[in-house]
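Please read the structure below before turning to the comments.
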Amino acid sequence: MKITRPTLLLDKSRCIGNLEKMLQKAENNKIGLRPHFKTHQSHEVGRWFRERGVKKIATSSLRMAEHFAKDGWDDITVAFPANILEIDLINSLSENIKLNLLIQSLECLNFLSDNLKNQVNGLIKIDLGYGRTGLLSDDFDGTDELIKKMNRSSNIKFSGFLGHAGQSYDARGIEQISEVHKEACSKMQQVFDHYRDEYPDISISMGDTPTCSTMDSFGCATEIRPGNFIFYDLVQEQIGSCSIEQIAVAVACPVVALHPERNEIIIYGGGVHFSKDVYNHTKFGKCYGLVVKDSDNGWSEPVEKVFLQKISQEHGVVSCTDEFMEQCTIGDVLKILPVHSCMTADLLKRMLTTEGEKIEMMGN
């Protein structure tokens with residue numbers, strides 16, 4: 001397996017392990033798993049879900065929904081506010097699949113009502129405390145107005161509520177994750193209790209990787225919708241969602257220059273490969289990735305005191321120990337755990353499994 005440029009490596013066994021653990025979590029709670037496919041964006045990885053009984057998915061865009069519809073997925077939630085400028089794509093997709101759209105304003109709803117050619121399911125976005133977008137959980141006037149309008153529409157079927165507690169990404173440790181989860185469940189329960197008598201069978205879609213990975217119950221949710229869990233990353237490990245051993249991707253980067261006088265290694269791997277996402281490591285401070293020990297085609301634990309400390313567009317600067325520098329030569333390939341696997345995968349567009357299989361992603 002020859003690496004000549006920054007390459008996303010995927011450990012399939014870790015990936016499958018993460019998938020099966022989340023499936024078991026959903027089964028234990030007798031709720032559905034609707035995984036968010038924005039992390040891997042791959043038909044091949046998507047089929048690993050299908051082989052294990054997953055039938056419904058979420059995407060972050062209509063274009064991504066189109067990508068997965070081509071591989072046979074026919075129940076797709078676009079977990080992003082409906083973009084009315086893509087009405088042609090909405091009509092094209094809804095002709096062939098069960099398309100679930102996120103609606104949170106009358107302006108959007110009115111446009112869809114006037115321009116849809118096929119039926120879609122309407123999900124109302126609820127702000128579960130993240131503060132990004134969505135209706136407040138006690139805004140029953142707003143939700144009532146949207147539901148009534150959907151019920152009068154010939155092509156929009158009110159199907160439930162959707163929320164995302166993105167503030168869980170700011171949590172550190174189980175206790176803080178639990179507090180976020182309690183708040184999110186409480187807000188969604190408030191909505192569900194208000195409508196449960198009139199709409200007892202509606203969908204209640206919740207879930208993010210930190211809460212879905214660590215919590216044991218999900219209140220009134222009928223489905224959970226995590227995405228990053230399939231790969232995990234350093235931020236998730238810092239949050240407490242996973243262990244280092246569960247991180248299923250690493251970026252292989254060629255060494256192009258050595259500076260032993262300042263204990264720095266220059267790699268071919270920068271912001272256009274890792275993204276500019278950064279986190280504060282408890283020992284190193286600003287960190288863009290951790291170098292891991294090579295293990296045949298895979299990797300094992302991080303190398304002590306060796307990390308990606310700076311990046312520019314194509315360059316990466318690895319800070320290292322004297323011992324690591326002595327072992328390193330130009331032309332070597334370092335394997336680095338990413339801070340944010342979703343962004344890293346989106347930038348690199350293809351993966352190479354540790355077994356040597358090439359996996360294409362959306363955009364290739």
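In the structure tokens, the first chain shown is A, the next is B, and so on; residue numbers restart at 1 for each chain, and ligands run from 1 in the order shown.
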Enumerate as a CSV table (one decimal) with C-alpha atoms, in the first residue's frame all residues of region 144-189 of chain A assigned to helix (DSSP H, G or I) by DSSP on the backbone, naming them with the chain letters and numbers the document uses.
chain,number,residue,atom,x,y,z
A,144,ASP,CA,-49.4,25.2,15.5
A,145,GLU,CA,-49.3,27.6,12.6
A,146,LEU,CA,-46.9,25.4,10.7
A,147,ILE,CA,-48.8,22.2,11.4
A,148,LYS,CA,-52.1,23.7,10.3
A,149,LYS,CA,-50.6,24.9,7.1
A,150,MET,CA,-49.0,21.5,6.4
A,151,ASN,CA,-52.4,19.8,7.1
A,152,ARG,CA,-54.0,22.1,4.4
A,166,GLY,CA,-25.1,20.6,19.2
A,167,GLN,CA,-24.0,22.1,22.5
A,168,SER,CA,-22.9,18.6,23.5
A,169,TYR,CA,-19.7,19.3,21.5
A,170,ASP,CA,-18.8,21.9,24.2
A,174,ILE,CA,-20.0,12.3,31.0
A,175,GLU,CA,-21.4,14.6,33.6
A,176,GLN,CA,-21.5,17.6,31.2
A,177,ILE,CA,-22.8,15.5,28.4
A,178,SER,CA,-25.6,14.2,30.7
A,179,GLU,CA,-26.6,17.8,31.5
A,180,VAL,CA,-26.9,18.7,27.8
A,181,HIS,CA,-28.9,15.5,27.2
A,182,LYS,CA,-31.3,16.2,30.0
A,183,GLU,CA,-32.0,19.7,28.7
A,184,ALA,CA,-32.5,18.4,25.2
A,185,CYS,CA,-34.8,15.6,26.3
A,186,SER,CA,-36.8,18.0,28.5
A,187,LYS,CA,-37.3,20.4,25.6
A,188,MET,CA,-38.4,17.7,23.2
A,189,GLN,CA,-40.6,16.1,25.8
* To do: Please provide as a list of chain:residue names all residues within 6 Å of region 237-241 of chain A, with the sequence filter that same-chain residues fewer than 3 positions apart are discarded (counting only C-alpha atoms).
  =>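 Residues near the query, excluding close chain neighbours: A:Ala171, A:Arg172, A:Gly173, A:Pro210, A:Ser213, A:Leu234.
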Save out the residues we just selected, C-alpha atoms, as an mmCIF file, in the first residue's frame.
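Now in out_18.cif:
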data_model
loop_
_atom_site.group_PDB
_atom_site.id
_atom_site.type_symbol
_atom_site.label_atom_id
_atom_site.label_comp_id
_atom_site.auth_asym_id
_atom_site.auth_seq_id
_atom_site.Cartn_x
_atom_site.Cartn_y
_atom_site.Cartn_z
ATOM 1 C CA ALA A 171 -19.128 19.269 26.914
ATOM 2 C CA ARG A 172 -16.138 17.633 28.548
ATOM 3 C CA GLY A 173 -16.883 14.417 30.377
ATOM 4 C CA PRO A 210 -21.688 12.636 22.247
ATOM 5 C CA SER A 213 -22.454 7.367 22.468
ATOM 6 C CA LEU A 234 -9.847 13.603 18.722
#
* Asked: If you count only C-alpha atoms, which residues fall within 6 Å of Asn100 (chain A), apart from same-chain ones fewer than 3 positions away, as a PyMOL selection string?
  -> chain A and resi 77+120-122
* Residue neighbourhood Lys283 (chain A), 12 Å, only C-alpha atoms, exclusion window fewer than 6 positions, as a list in words ->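 Surrounding residues, per the criterion: Leu290, Glu304, Lys305, Val306, Phe307 and Gln309 of chain A.
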* Distance query Val303 (chain A) at most 7 Å, only C-alpha atoms, self and fewer than 6 positions along chain excluded, as a VMD selection string -> chain A and resid 291 to 293
Deliver the residues from the most recent selection as a file, using N, CA and C atoms, as a PDB file, in the first residue's frame.
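File written: selection_22.pdb
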ATOM      1  N   VAL A 291       0.129  12.239  16.168  1.00  0.00           N
ATOM      2  CA  VAL A 291       0.839  11.211  15.413  1.00  0.00           C
ATOM      3  C   VAL A 291       0.719   9.889  16.164  1.00  0.00           C
ATOM      4  N   VAL A 292       0.387   8.831  15.430  1.00  0.00           N
ATOM      5  CA  VAL A 292       0.212   7.513  16.045  1.00  0.00           C
ATOM      6  C   VAL A 292       1.292   6.558  15.575  1.00  0.00           C
ATOM      7  N   LYS A 293       1.499   5.515  16.358  1.00  0.00           N
ATOM      8  CA  LYS A 293       2.510   4.512  16.022  1.00  0.00           C
ATOM      9  C   LYS A 293       2.048   3.672  14.837  1.00  0.00           C
TER      10      LYS A 293
END
